[in-house]
Every structure is written in C-alpha cells, then in structure tokens.
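To keep things clear, I will list the structure first and then write my remarks on it.
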There are 2 protein chains.
Amino acid sequence: MKIGFIGLGVMGLPMAGHLIDAGHELFLHRVKPKSQELVEKGGKALESPRAVAEAADVVILMVPDTPDVEAVLFGPDGVAEGLGAGKMVIDMSSISPVATKDFAARIEALDCSYVDAPVSGGEVGARNAALTIMVGAREDAFARAKPLFEIMGKTITHVGPVGDGQTAKVANQIIVGLTIEAVAEGLVFAQKAGADPARVREALLGGFAGSTIMKIHGERMIERTFDPGFRIKLHRKDMALAVDSARQLGLALPNAAAVEQLMNAAIARGDGDRDHSALYLTLEALAGNS
Amino acid sequence: MKIGFIGLGVMGLPMAGHLIDAGHELFLHRVKPKSQELVEKGGKALESPRAVAEAADVVILMVPDTPDVEAVLFGPDGVAEGLGAGKMVIDMSSISPVATKDFAARIEALDCSYVDAPVSGGEVGARNAALTIMVGAREDAFARAKPLFEIMGKTITHVGPVGDGQTAKVANQIIVGLTIEAVAEGLVFAQKAGADPARVREALLGGFAGSTIMKIHGERMIERTFDPGFRIKLHRKDMALAVDSARQLGLALPNAAAVEQLMNAAIARGDGDRDHSALYLTLEALAGNS
C-alpha cells in the first residue's frame with residue numbers, strides 16, 4: 001500500500017520502519033539525519049504534507065500535539081490540499097478528542113475517511129511493534145486500517161466512532177496519572193509515619209490497593225529509580241489535554257487538575273525528564289523531605 | 001487461651017465467633033441481643049472493659065474509631081485498670097497511627113504488650129475468616145498474637161513495630177479511595193465525551209490503567225450496582241483519618257483531602273450507605289448528569 005507517514009520522532013521512526021519492513025511503499029515528510037535510515041530502506045522523502053497526501057492512499061500522522069495535527073492537515077501545503085476522494089487519514093498522535101471530531105468532519109467533507117488511533121506502550125512498544133492502539137473510526141474505515149495497526153501494535157481495540165480513540169487515551173492518562181499520585185500519597189504517608197514503605201507496599205499489593213502502577217511504579221518509588229519510562233513533561237501534556245477537554249465538554253476533573261499542578265511542580269523542581277513515577281519526589285518535598 | 005473481646009459489631013461478632021469455635025475461652029463486654037449467640041456458645045458477658053481485662057490474658061478491641069479505643073482502654077472502668085503484667089492488648093480497629101503509638105506507650109508502661117492489627121476484607125472477610133490483617137508489633141508480641149490472627153484472617157503481614165499496622169491500613173485506604181476516584185474521573189470523562197465507558201474500560205484494563213479497582217469497582221460503575229460492599233460513610237472516616245494524620249505528621253495529601261470532600265458530597269447527596277464505587281455518581285453530578 002502507498003502510505004504517507006508524517007512525524008518521524010522517537011515513536012514515528014520505528015513505526016514507519018515496521019511498515020516499510022512489511023513491504024509497504026512509504027512517503028515521508030521532513031526526513032532528518034536521524035530518520036535517514038527510512039530513505040535507505042526505500043522510503044521517499046517529499047517536500048510537504050501536501051505532496052505526501054498526493055502520493056499516498058493512506059496518510060498516517062504521529063506528531064506531538066493538537067496544533068501540530070492541525071498545521072499538518074490544514075496549514076499551507078497541508079495534507080488536505082493533497083487529498084483526493086477515497087483516501088484515508090489516520091492520526092496516531094495523542095491529541096484533543098474535541099478537536100479530533102472537528103478535524104474528522106473537515107477531512108470527511110473531502111470524501112476521505114478519518115481514523116483516530118492514539119497509542120500507549122511508549123518508545124519500547126513502538127520499537128517492538130507491541131503498541132496498544134485505541135481506535136475511533138467507522139466500521140469500514142477500521143477494517144481498512146486494521147492490517148496496518150497489526151504491523152505496529154499488539155493490542156488493537158476499536159473503541160467506537162471517530163474521536164473515541166482519543167477519548168480512551170485521555171481516560172487512560174487520567175487514570176494512570178491519578179493512580180501514580182495515589183500510590184505516591186500512600187507511600188509517602190507510610191514513610192513519614194515511620195513505617196517502611198517497601199513493607200507497606202508488599203502488605204497492600206494483593207488487596208484492593210493492588211494495581212499495575214502499584215507493582216511497577218510503586219517499586220520505582222521505593223528503589224528510587226526514575227529513568228524514563230514515560231517522562232513527566234509528556235504526561236503533563238496529557239493532563240493538560242484532560243483539563244482543557246473537561247472545560248470544553250463541561251465536566252469537573254478535580255484530581256486531574258490537581259495532578260496537572262503537581263506535575264508542573266515536578267517539572268519546576270527539575271524532574272520533567274524523569275519517569276512519571278518521580279511524582280513521588282514532589283510529594284516527598286511536600287512532606288519536607290527533599 | 002483466655003481472650004477478652006470488646007466491640008461486637010458487624011466485624012467483631014463473627015471474629016469473636018471464630019475464636020470461640022477454635023476452642024478459646026471468651027470474655028465479652030456489652031453483649032447485645034444480636035451478639036447473644038456468643039454467650040450461647042460459651043462466651044462470658046462481663047460488665048466493664050476492666051472486668052474483661054481482669055479475666056483475660058489477651059484483650060482484643062474492634063471498635064469504630066480512635067476515641068472509642070481511647071475510652072475503652074483509658075476511660076473509667078477501662079481496660080488499663082484491669083490489666084496485669086504480661087497481658088496483651090490487640091487493637092484490630094482502624095484508628096490513628098499517631099494515637100496508636102501513644103496508647104501503646106501507656107499500655108507498655110503497665111508491663112503489658114500492645115499490638116495494632118487493623119484488617120481489610122470487610123464483613124464478608126470477617127464471616128469467612130478471610131481477613132487481611134496488617135500488624136504493628138514487636139517480634140515476640142507478633143509471634144504470640146499470630147495464632148489468633150490465623151483463626152480470623154488469611155493474609156497476615158507483620159509490617160513493622162507498633163503503629164505500622166495502622167499506618168499500612170491508612171495507606172491502603174488512601175490508595176483505594178484515590179484509585180476509585182481516578183477510575184471514576186476517567187469513566188465519567190469518557191461518557192461525557194460521547195464514548196461508551198464499558199468499551200473504554202475494556203480497552204484500558206490490560207494496560208497501565210489496570211487495577212483491582214478498575215476491574216471490580218469499574219464494573220460496578222458501568223453496571224450501576226452500588227450495594228455495599230464498603231460504605232462511603234465508612235471510607236470517609238478513613239479519609240478523615242488520613243487527612244488528620246497528615247496534619248499531625250506534617251505532610252500534604254492533596255488528593256486524599258479532595259477525595260474526603262467528594263465523599264462528603266456523596267454523603268450529602270444521600271449515597272453514604274452505598275458502596276464506595278458510588279463516588280462515580282458524585283463525579284457524574286459534577287458533569288451535570290444527575
């Protein structure tokens with residue numbers, strides 16, 4: 001298949017590589033020295049998103065944030081200018097579910113289909129083609145995109161219509177961020193009360209307090225190993241997305257708002273490039289231990 | 001063994017029953033019609049905590065809150081007045097870890113030992129002798145109390161010295177309460193953004209957002225089945241304990257404080273006797289859906 005791929009960062013680079021390795025013809029934009037390997041494997045570097053959309057049948061986006069998706073799709077020489085009827089846009093970036101529905105409507109007005117398919121699993125998941133992919137799409141569009149997802153990921157869920165992939169991703173980041181903060185509050189409390197947080201974690205792991213976060217991030221907190229992982233500054237972006245979306249949709253996310261603030265504090269303290277479990281250090285600082 | 005048992009409520013009644021069934025001689029205080037069955041099985045009803053402490057070698061407490069423990073131990077005709085050297089007090093109530101250390105020091109000054117051993121697992125765990133018991137005690141006291149715990153519980157962890165059992169329990173209630181709130185924020189967000197929360201939960205269950213709470217309480221939120229379980233008004237007591245302890249110990253628990261407030265709101269809305277997963281309804285109300 002002729003596939004356009006825009007956004008060749010730490011995630012996009014290995015994802016595009018898997019598609020080439022699977023035999024697809026790739027059209028790329030903004031190839032940098034780091035992504036030169038894709039050209040060596042046969043990918044074609046083009047001068048604009050428009051040129052990519054003209055050459056490809058399916059255009060995949062993997063860029064940092066909502067305004068980046070908007071610029072690539074609808075900016076000058078953007079994807080929208082190069083699309084023709086029947087083509088498909090798949091946005092695998094993690095962006096606003098509200099904006100996604102607007103972008104989809106504008107792309108569908110060009111007789112094209114739109115799929116939102118944000119991922120979790122990080123750099124390691126991208127490299128090992130083991131990503132979790134949460135998809136928002138019509139049934140027929142999902143069926144068409146699925147073989148591509150299976151090249152890049154392992155767990156692919158069709159959550160619902162367009163926008164639902166991004167909604168699931170935001171819900172995931174809310175729950176993960178708040179659970180990390182919950183475990184940090186529990187373990188800092190234990191430590192400050194004079195108990196051994198490692199023993200407390202062991203006592204609780206098998207009960208209702210048990211979670212993947214308690215297991216993996218709880219251990220990082222106790223061992224104080226905060227190499228990323230998933231950087232706090234990236235998770236802060238997602239919490240901001242949750243809080244902005246709550247404002248637009250009309251609901252209250254009191255603890256997501258608080259966790260965004262704590263992540264701001266973590267970044268201010270110099271922990272932005274550490275794993276999100278390092279939120280523990282911010283709560284420790286709030287207990288006077290820093 | 002001669003065992004005193006004070007506090008024959010929904011938890012204490014079946015726990016004391018297991019001890020009698022195991023062949024121990026029980027001395028009870030404040031036997032009501034509901035707990036008359038214990039007397040029929042051979043338990044002896046006495047007129048004061050003091051009389052219980054005089055008759056028994058080990059006195060177990062299972063009462064609602066910190067002031068209840070203080071009154072039973074140190075009030076007029078209290079346990080302290082009836083103790084003699086070498087006896088043991090085991091407090092299985094869920095109370096303040098800070099107050100616990102004070103109570104323990106006063107009991108130890110009488111040449112007695114003190115063990116704090118709060119439980120989780122609720123009424124069902126108490127009835128089935130399947131409680132999780134978190135113990136704070138010296139090594140020798142733990143060894144002496146352990147056979148009794150094995151009659152009432154299944155998972156027994158010696159967390160550390162006196163107070164550490166209560167600390168672990170508070171940490172547990174913080175993490176459980178905040179994780180329930182996290183799952184509720186994520187699922188209410190999904191619902192308000194127009195996605196199917198059941199599909200979103202399924203998509204997230206296997207990833208980092210996965211937890212016992214997501215599995216059990218997340219399902220309750222989606223099925224809207226909020227029969228207790230563990231009542232919000234009881235969990236609110238534990239969140240208050242966390243927030244009060246944070247004030248005494250000198251640390252900040254921003255989200256525990258927020259969850260206490262949300263539980264206040266849940267109780268104000270009439271949900272105090274529902275399972276703690278019904279916190280979902282409060283977050284739904286904050287999204288205008290009530």
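Each chain in the structure tokens gets a letter, A, B and so on, in the order shown; residues start at 1 in every chain, and ligands are counted from 1 in the order they appear.
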Selection near Ile180 in chain B, 9 Å with only C-alpha atoms, sequence-local residues under 2 positions removed, as an mmCIF file with N, CA and C atoms, in the first residue's frame:
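Saved the output as selection.cif:
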```
data_model
loop_
_atom_site.group_PDB
_atom_site.id
_atom_site.type_symbol
_atom_site.label_atom_id
_atom_site.label_comp_id
_atom_site.auth_asym_id
_atom_site.auth_seq_id
_atom_site.Cartn_x
_atom_site.Cartn_y
_atom_site.Cartn_z
ATOM 1 N N ILE B 175 -4.913 4.867 49.067
ATOM 2 C CA ILE B 175 -4.696 4.392 47.690
ATOM 3 C C ILE B 175 -6.001 3.875 47.091
ATOM 4 N N VAL B 176 -6.770 3.124 47.867
ATOM 5 C CA VAL B 176 -8.041 2.598 47.353
ATOM 6 C C VAL B 176 -9.007 3.749 47.028
ATOM 7 N N GLY B 177 -9.143 4.698 47.947
ATOM 8 C CA GLY B 177 -10.074 5.815 47.728
ATOM 9 C C GLY B 177 -9.682 6.633 46.513
ATOM 10 N N LEU B 178 -8.385 6.925 46.395
ATOM 11 C CA LEU B 178 -7.925 7.760 45.282
ATOM 12 C C LEU B 178 -7.986 7.016 43.950
ATOM 13 N N ALA B 182 -9.993 8.024 40.704
ATOM 14 C CA ALA B 182 -9.291 8.099 39.412
ATOM 15 C C ALA B 182 -10.087 7.389 38.320
ATOM 16 N N VAL B 183 -10.547 6.182 38.631
ATOM 17 C CA VAL B 183 -11.322 5.408 37.654
ATOM 18 C C VAL B 183 -12.631 6.148 37.342
ATOM 19 N N ALA B 184 -13.237 6.728 38.375
ATOM 20 C CA ALA B 184 -14.486 7.473 38.162
ATOM 21 C C ALA B 184 -14.248 8.681 37.257
ATOM 22 N N GLU B 185 -13.156 9.428 37.481
ATOM 23 C CA GLU B 185 -12.870 10.579 36.612
ATOM 24 C C GLU B 185 -12.680 10.114 35.161
ATOM 25 N N ILE B 213 -9.228 -2.258 41.410
ATOM 26 C CA ILE B 213 -10.327 -1.277 41.455
ATOM 27 C C ILE B 213 -10.971 -1.131 40.075
ATOM 28 N N MET B 214 -10.157 -1.000 39.027
ATOM 29 C CA MET B 214 -10.696 -0.864 37.663
ATOM 30 C C MET B 214 -11.547 -2.078 37.331
ATOM 31 N N HIS B 217 -14.523 -2.291 40.901
ATOM 32 C CA HIS B 217 -15.319 -1.075 41.104
ATOM 33 C C HIS B 217 -15.664 -0.419 39.771
ATOM 34 N N GLY B 218 -14.767 -0.535 38.793
ATOM 35 C CA GLY B 218 -15.059 -0.014 37.451
ATOM 36 C C GLY B 218 -16.284 -0.707 36.870
ATOM 37 N N HIS B 276 -18.420 2.355 48.041
ATOM 38 C CA HIS B 276 -17.557 3.497 47.708
ATOM 39 C C HIS B 276 -17.402 3.738 46.202
ATOM 40 N N SER B 277 -17.692 2.715 45.387
ATOM 41 C CA SER B 277 -17.655 2.937 43.937
ATOM 42 C C SER B 277 -18.722 3.946 43.490
ATOM 43 N N LEU B 279 -18.976 6.797 44.348
ATOM 44 C CA LEU B 279 -18.341 8.102 44.160
ATOM 45 C C LEU B 279 -18.496 8.537 42.699
ATOM 46 N N TYR B 280 -18.610 7.553 41.817
ATOM 47 C CA TYR B 280 -18.894 7.796 40.399
ATOM 48 C C TYR B 280 -20.093 8.719 40.215
#
```
Please determine the contact residues of chain A with respect to chain B at a cut-off of 7 Å, counting only C-alpha atoms, and supply them as a PDB file with N, CA, C and O atoms, in the first residue's frame.
```
ATOM      1  N   THR A 157      -7.858  -2.074  19.863  1.00  0.00           N
ATOM      2  CA  THR A 157      -9.266  -2.048  20.252  1.00  0.00           C
ATOM      3  C   THR A 157     -10.012  -0.998  19.459  1.00  0.00           C
ATOM      4  O   THR A 157      -9.620   0.176  19.455  1.00  0.00           O
ATOM      5  N   VAL A 159     -12.669   1.221  19.789  1.00  0.00           N
ATOM      6  CA  VAL A 159     -13.451   1.704  20.935  1.00  0.00           C
ATOM      7  C   VAL A 159     -14.832   2.180  20.489  1.00  0.00           C
ATOM      8  O   VAL A 159     -15.833   1.937  21.172  1.00  0.00           O
ATOM      9  N   GLY A 160     -14.915   2.838  19.340  1.00  0.00           N
ATOM     10  CA  GLY A 160     -16.188   3.376  18.859  1.00  0.00           C
ATOM     11  C   GLY A 160     -15.946   4.302  17.682  1.00  0.00           C
ATOM     12  O   GLY A 160     -14.894   4.226  17.031  1.00  0.00           O
ATOM     13  N   ASP A 164     -13.372   8.509  19.621  1.00  0.00           N
ATOM     14  CA  ASP A 164     -13.361   7.613  20.780  1.00  0.00           C
ATOM     15  C   ASP A 164     -11.982   7.048  21.092  1.00  0.00           C
ATOM     16  O   ASP A 164     -11.705   6.675  22.241  1.00  0.00           O
ATOM     17  N   THR A 167     -10.503   9.774  23.116  1.00  0.00           N
ATOM     18  CA  THR A 167     -11.186   9.802  24.414  1.00  0.00           C
ATOM     19  C   THR A 167     -10.640   8.710  25.327  1.00  0.00           C
ATOM     20  O   THR A 167     -10.359   8.952  26.510  1.00  0.00           O
ATOM     21  N   ALA A 168     -10.483   7.500  24.771  1.00  0.00           N
ATOM     22  CA  ALA A 168      -9.947   6.384  25.570  1.00  0.00           C
ATOM     23  C   ALA A 168      -8.527   6.698  26.036  1.00  0.00           C
ATOM     24  O   ALA A 168      -8.159   6.426  27.179  1.00  0.00           O
ATOM     25  N   ALA A 171      -8.704   9.200  28.850  1.00  0.00           N
ATOM     26  CA  ALA A 171      -9.174   8.497  30.064  1.00  0.00           C
ATOM     27  C   ALA A 171      -8.031   7.673  30.657  1.00  0.00           C
ATOM     28  O   ALA A 171      -7.826   7.657  31.878  1.00  0.00           O
ATOM     29  N   ASN A 172      -7.268   7.006  29.792  1.00  0.00           N
ATOM     30  CA  ASN A 172      -6.116   6.217  30.251  1.00  0.00           C
ATOM     31  C   ASN A 172      -5.106   7.099  30.993  1.00  0.00           C
ATOM     32  O   ASN A 172      -4.658   6.765  32.094  1.00  0.00           O
ATOM     33  N   ILE A 174      -5.566   9.994  32.403  1.00  0.00           N
ATOM     34  CA  ILE A 174      -6.143  10.465  33.673  1.00  0.00           C
ATOM     35  C   ILE A 174      -5.960   9.384  34.735  1.00  0.00           C
ATOM     36  O   ILE A 174      -5.429   9.631  35.821  1.00  0.00           O
ATOM     37  N   ILE A 175      -6.395   8.154  34.417  1.00  0.00           N
ATOM     38  CA  ILE A 175      -6.383   7.082  35.414  1.00  0.00           C
ATOM     39  C   ILE A 175      -4.947   6.739  35.818  1.00  0.00           C
ATOM     40  O   ILE A 175      -4.643   6.593  37.003  1.00  0.00           O
ATOM     41  N   VAL A 176      -4.045   6.658  34.836  1.00  0.00           N
ATOM     42  CA  VAL A 176      -2.649   6.338  35.144  1.00  0.00           C
ATOM     43  C   VAL A 176      -2.023   7.439  36.011  1.00  0.00           C
ATOM     44  O   VAL A 176      -1.402   7.163  37.042  1.00  0.00           O
ATOM     45  N   LEU A 178      -3.441   9.692  37.950  1.00  0.00           N
ATOM     46  CA  LEU A 178      -4.048   9.783  39.283  1.00  0.00           C
ATOM     47  C   LEU A 178      -3.697   8.571  40.143  1.00  0.00           C
ATOM     48  O   LEU A 178      -3.584   8.689  41.365  1.00  0.00           O
ATOM     49  N   THR A 179      -3.525   7.412  39.504  1.00  0.00           N
ATOM     50  CA  THR A 179      -3.155   6.226  40.283  1.00  0.00           C
ATOM     51  C   THR A 179      -1.700   6.340  40.751  1.00  0.00           C
ATOM     52  O   THR A 179      -1.375   5.967  41.887  1.00  0.00           O
ATOM     53  N   ALA A 182      -1.843   8.545  43.627  1.00  0.00           N
ATOM     54  CA  ALA A 182      -2.451   7.839  44.768  1.00  0.00           C
ATOM     55  C   ALA A 182      -1.415   6.965  45.479  1.00  0.00           C
ATOM     56  O   ALA A 182      -1.299   6.999  46.711  1.00  0.00           O
ATOM     57  N   VAL A 183      -0.660   6.204  44.696  1.00  0.00           N
ATOM     58  CA  VAL A 183       0.368   5.324  45.277  1.00  0.00           C
ATOM     59  C   VAL A 183       1.433   6.180  45.967  1.00  0.00           C
ATOM     60  O   VAL A 183       1.895   5.853  47.070  1.00  0.00           O
ATOM     61  N   GLU A 185       1.031   9.191  47.329  1.00  0.00           N
ATOM     62  CA  GLU A 185       0.499   9.704  48.597  1.00  0.00           C
ATOM     63  C   GLU A 185       0.531   8.610  49.669  1.00  0.00           C
ATOM     64  O   GLU A 185       0.929   8.857  50.811  1.00  0.00           O
ATOM     65  N   GLY A 186       0.126   7.398  49.304  1.00  0.00           N
ATOM     66  CA  GLY A 186       0.106   6.293  50.266  1.00  0.00           C
ATOM     67  C   GLY A 186       1.498   5.958  50.790  1.00  0.00           C
ATOM     68  O   GLY A 186       1.688   5.791  51.994  1.00  0.00           O
ATOM     69  N   LEU A 187       2.480   5.916  49.881  1.00  0.00           N
ATOM     70  CA  LEU A 187       3.829   5.506  50.302  1.00  0.00           C
ATOM     71  C   LEU A 187       4.563   6.632  51.038  1.00  0.00           C
ATOM     72  O   LEU A 187       5.316   6.366  51.978  1.00  0.00           O
ATOM     73  N   PHE A 189       3.023   8.858  52.836  1.00  0.00           N
ATOM     74  CA  PHE A 189       2.379   8.836  54.155  1.00  0.00           C
ATOM     75  C   PHE A 189       3.028   7.771  55.042  1.00  0.00           C
ATOM     76  O   PHE A 189       3.380   8.031  56.195  1.00  0.00           O
ATOM     77  N   ALA A 190       3.194   6.563  54.495  1.00  0.00           N
ATOM     78  CA  ALA A 190       3.774   5.455  55.261  1.00  0.00           C
ATOM     79  C   ALA A 190       5.170   5.810  55.764  1.00  0.00           C
ATOM     80  O   ALA A 190       5.506   5.607  56.932  1.00  0.00           O
ATOM     81  N   LYS A 192       6.524   8.836  56.144  1.00  0.00           N
ATOM     82  CA  LYS A 192       6.507   9.933  57.118  1.00  0.00           C
ATOM     83  C   LYS A 192       5.965   9.469  58.475  1.00  0.00           C
ATOM     84  O   LYS A 192       6.321  10.019  59.511  1.00  0.00           O
ATOM     85  N   ALA A 193       5.099   8.441  58.451  1.00  0.00           N
ATOM     86  CA  ALA A 193       4.568   7.894  59.708  1.00  0.00           C
ATOM     87  C   ALA A 193       5.571   6.944  60.360  1.00  0.00           C
ATOM     88  O   ALA A 193       5.300   6.397  61.425  1.00  0.00           O
ATOM     89  N   ALA A 195       6.918   4.097  58.989  1.00  0.00           N
ATOM     90  CA  ALA A 195       6.914   2.700  58.533  1.00  0.00           C
ATOM     91  C   ALA A 195       7.850   2.547  57.336  1.00  0.00           C
ATOM     92  O   ALA A 195       8.282   3.525  56.732  1.00  0.00           O
ATOM     93  N   ARG A 199       7.674  -2.460  52.949  1.00  0.00           N
ATOM     94  CA  ARG A 199       6.848  -3.461  53.651  1.00  0.00           C
ATOM     95  C   ARG A 199       5.368  -3.136  53.476  1.00  0.00           C
ATOM     96  O   ARG A 199       4.537  -4.043  53.324  1.00  0.00           O
ATOM     97  N   VAL A 200       5.049  -1.857  53.526  1.00  0.00           N
ATOM     98  CA  VAL A 200       3.649  -1.441  53.359  1.00  0.00           C
ATOM     99  C   VAL A 200       3.172  -1.827  51.960  1.00  0.00           C
ATOM    100  O   VAL A 200       2.095  -2.401  51.790  1.00  0.00           O
ATOM    101  N   ALA A 203       2.465  -5.448  51.802  1.00  0.00           N
ATOM    102  CA  ALA A 203       1.255  -5.828  52.530  1.00  0.00           C
ATOM    103  C   ALA A 203       0.000  -5.508  51.714  1.00  0.00           C
ATOM    104  O   ALA A 203      -1.007  -6.192  51.827  1.00  0.00           O
ATOM    105  N   LEU A 204       0.075  -4.461  50.870  1.00  0.00           N
ATOM    106  CA  LEU A 204      -1.126  -3.987  50.178  1.00  0.00           C
ATOM    107  C   LEU A 204      -1.272  -4.548  48.766  1.00  0.00           C
ATOM    108  O   LEU A 204      -2.363  -4.498  48.189  1.00  0.00           O
ATOM    109  N   PHE A 208      -7.165  -4.665  47.591  1.00  0.00           N
ATOM    110  CA  PHE A 208      -7.843  -3.716  46.706  1.00  0.00           C
ATOM    111  C   PHE A 208      -6.925  -2.596  46.226  1.00  0.00           C
ATOM    112  O   PHE A 208      -7.213  -1.934  45.234  1.00  0.00           O
ATOM    113  N   ALA A 209      -5.823  -2.347  46.931  1.00  0.00           N
ATOM    114  CA  ALA A 209      -4.893  -1.297  46.506  1.00  0.00           C
ATOM    115  C   ALA A 209      -3.963  -1.782  45.396  1.00  0.00           C
ATOM    116  O   ALA A 209      -3.174  -1.019  44.857  1.00  0.00           O
ATOM    117  N   GLY A 210      -4.090  -3.043  45.029  1.00  0.00           N
ATOM    118  CA  GLY A 210      -3.203  -3.623  44.015  1.00  0.00           C
ATOM    119  C   GLY A 210      -3.504  -3.120  42.615  1.00  0.00           C
ATOM    120  O   GLY A 210      -4.660  -2.989  42.229  1.00  0.00           O
ATOM    121  N   SER A 211      -2.449  -2.825  41.878  1.00  0.00           N
ATOM    122  CA  SER A 211      -2.593  -2.313  40.508  1.00  0.00           C
ATOM    123  C   SER A 211      -1.272  -2.503  39.778  1.00  0.00           C
ATOM    124  O   SER A 211      -0.233  -2.757  40.405  1.00  0.00           O
ATOM    125  N   THR A 212      -1.331  -2.384  38.463  1.00  0.00           N
ATOM    126  CA  THR A 212      -0.101  -2.421  37.679  1.00  0.00           C
ATOM    127  C   THR A 212       0.816  -1.279  38.119  1.00  0.00           C
ATOM    128  O   THR A 212       2.034  -1.453  38.219  1.00  0.00           O
ATOM    129  N   ILE A 213       0.224  -0.122  38.398  1.00  0.00           N
ATOM    130  CA  ILE A 213       1.005   1.036  38.861  1.00  0.00           C
ATOM    131  C   ILE A 213       1.688   0.731  40.202  1.00  0.00           C
ATOM    132  O   ILE A 213       2.862   1.037  40.392  1.00  0.00           O
ATOM    133  N   LEU A 249     -15.923  20.283  27.334  1.00  0.00           N
ATOM    134  CA  LEU A 249     -17.060  19.359  27.371  1.00  0.00           C
ATOM    135  C   LEU A 249     -18.033  19.685  28.493  1.00  0.00           C
ATOM    136  O   LEU A 249     -19.180  19.243  28.470  1.00  0.00           O
ATOM    137  N   GLY A 250     -17.556  20.444  29.503  1.00  0.00           N
ATOM    138  CA  GLY A 250     -18.415  20.759  30.629  1.00  0.00           C
ATOM    139  C   GLY A 250     -18.482  19.663  31.671  1.00  0.00           C
ATOM    140  O   GLY A 250     -19.537  19.097  31.908  1.00  0.00           O
ATOM    141  N   LEU A 251     -17.346  19.354  32.260  1.00  0.00           N
ATOM    142  CA  LEU A 251     -17.348  18.462  33.422  1.00  0.00           C
ATOM    143  C   LEU A 251     -16.178  18.824  34.320  1.00  0.00           C
ATOM    144  O   LEU A 251     -15.279  19.565  33.899  1.00  0.00           O
ATOM    145  N   ALA A 252     -16.219  18.325  35.546  1.00  0.00           N
ATOM    146  CA  ALA A 252     -15.168  18.642  36.515  1.00  0.00           C
ATOM    147  C   ALA A 252     -14.277  17.431  36.730  1.00  0.00           C
ATOM    148  O   ALA A 252     -14.774  16.328  36.943  1.00  0.00           O
ATOM    149  N   LEU A 253     -12.964  17.643  36.651  1.00  0.00           N
ATOM    150  CA  LEU A 253     -11.983  16.594  36.935  1.00  0.00           C
ATOM    151  C   LEU A 253     -11.066  17.106  38.043  1.00  0.00           C
ATOM    152  O   LEU A 253      -9.923  17.483  37.788  1.00  0.00           O
ATOM    153  N   ASN A 255      -9.269  15.925  40.555  1.00  0.00           N
ATOM    154  CA  ASN A 255      -7.948  15.380  40.841  1.00  0.00           C
ATOM    155  C   ASN A 255      -7.027  15.400  39.624  1.00  0.00           C
ATOM    156  O   ASN A 255      -5.805  15.496  39.770  1.00  0.00           O
ATOM    157  N   LEU A 286       6.719  17.869  49.533  1.00  0.00           N
ATOM    158  CA  LEU A 286       5.580  18.443  50.263  1.00  0.00           C
ATOM    159  C   LEU A 286       5.499  17.895  51.684  1.00  0.00           C
ATOM    160  O   LEU A 286       4.710  18.366  52.493  1.00  0.00           O
ATOM    161  N   ALA A 287       6.309  16.866  51.965  1.00  0.00           N
ATOM    162  CA  ALA A 287       6.399  16.336  53.330  1.00  0.00           C
ATOM    163  C   ALA A 287       7.683  16.828  54.001  1.00  0.00           C
ATOM    164  O   ALA A 287       8.060  16.335  55.061  1.00  0.00           O
TER     165      ALA A 287
END
```
Would you pick out the contacts of Ile20 in chain B at 8 Å or less, using only C-alpha atoms, so that residues sharing its chain but fewer than 5 positions from it are not included, and give the list as a list in words?
Glu25, Leu26, Leu38, Lys41, Gly42 and Gly43 of chain B
Keeping C-alpha atoms for every residue in the selection just given, could you write it to a file as a short mmCIF file (atom, residue, chain, number, x, y, z; two decimals), in the first residue's frame?
```cif
data_model
loop_
_atom_site.label_atom_id
_atom_site.label_comp_id
_atom_site.auth_asym_id
_atom_site.auth_seq_id
_atom_site.Cartn_x
_atom_site.Cartn_y
_atom_site.Cartn_z
CA GLU B 25 -12.47 -19.02 76.33
CA LEU B 26 -14.01 -15.62 75.55
CA LEU B 38 -21.71 -15.81 71.51
CA LYS B 41 -21.65 -20.77 72.54
CA GLY B 42 -19.94 -20.28 75.90
CA GLY B 43 -18.71 -16.66 75.86
#
```
Pick out each residue of range 6-166 of chain A that DSSP on the backbone tags as strand (DSSP E); I need them as a ChimeraX atom specification.
/A:6,25-29,44-46,58-61,88-91,113-116,119-120,131-136,153-160
Skipping near chain neighbours, those fewer than 5 positions away, what residues fall within 7 Å of Ala53 in chain B using only C-alpha atoms, listed as a list in words?
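That gives Gly4, Val59, Val79, Gly82 and Leu83 of chain B.
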Write the residues you've just listed into a file as a compact mmCIF listing (two decimals), in the first residue's frame, and include all heavy atoms for each of them.
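File written: out39.txt
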```txt
# COMPACT_ATOMS: atom_id res chain seq x y z
N GLY B 4 -10.24 -11.64 75.90
CA GLY B 4 -11.30 -10.63 76.01
C GLY B 4 -11.60 -10.10 74.62
O GLY B 4 -10.69 -9.93 73.80
N VAL B 59 -6.55 -9.05 75.40
CA VAL B 59 -7.79 -8.31 75.16
C VAL B 59 -7.78 -7.77 73.73
O VAL B 59 -6.88 -7.01 73.35
CB VAL B 59 -7.95 -7.13 76.14
CG1 VAL B 59 -9.26 -6.38 75.86
CG2 VAL B 59 -7.90 -7.63 77.57
N VAL B 79 -9.97 -0.85 80.27
CA VAL B 79 -9.07 -2.00 80.19
C VAL B 79 -7.82 -1.77 81.03
O VAL B 79 -7.37 -2.67 81.76
CB VAL B 79 -8.69 -2.27 78.71
CG1 VAL B 79 -7.50 -3.21 78.62
CG2 VAL B 79 -9.89 -2.84 77.94
N GLY B 82 -7.74 -2.89 84.55
CA GLY B 82 -7.84 -4.33 84.84
C GLY B 82 -6.62 -5.14 84.42
O GLY B 82 -6.52 -6.32 84.73
N LEU B 83 -5.69 -4.52 83.71
CA LEU B 83 -4.53 -5.26 83.20
C LEU B 83 -3.53 -5.60 84.31
O LEU B 83 -3.41 -4.87 85.28
CB LEU B 83 -3.80 -4.43 82.13
CG LEU B 83 -4.48 -4.27 80.77
CD1 LEU B 83 -3.69 -3.29 79.91
CD2 LEU B 83 -4.63 -5.61 80.05
```
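With CA of Val39 in chain A on one side and CA of Met1 in chain A on the other, the separation reads 16.7 Å.
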Would you list the contacts of range 222-237 of chain B as number ranges by chain, taking every protein, DNA or RNA residue within 6 Å and counting only C-alpha atoms, but skipping same-chain residues closer than 2 positions in sequence?
B: 219-220, 239-240, 260, 263, 272-276, 278
Please extract the residues of range 164-282 of chain B with a backbone DSSP assignment of alpha helix (DSSP H) and present them as a PyMOL selection string.
chain B and resi 164-192+197-205+212-223+232-249+254-268+279-282
Counting only C-alpha atoms, what is within 12 Å of Glu70 in chain A, bar same-chain residues fewer than 3 positions away, as a count of residues only?
26
Can you pull out the residues contacting Pro33 in chain B? Cut-off 12 Å, using only C-alpha atoms, and skip same-chain residues under 5 positions away; I want them as a PyMOL selection string.
chain B and resi 8-9+13+38-40+45
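Taking CA of Gly153 in chain A and CA of Gly7 in chain A as the two end points, the separation is 17.3 Å.
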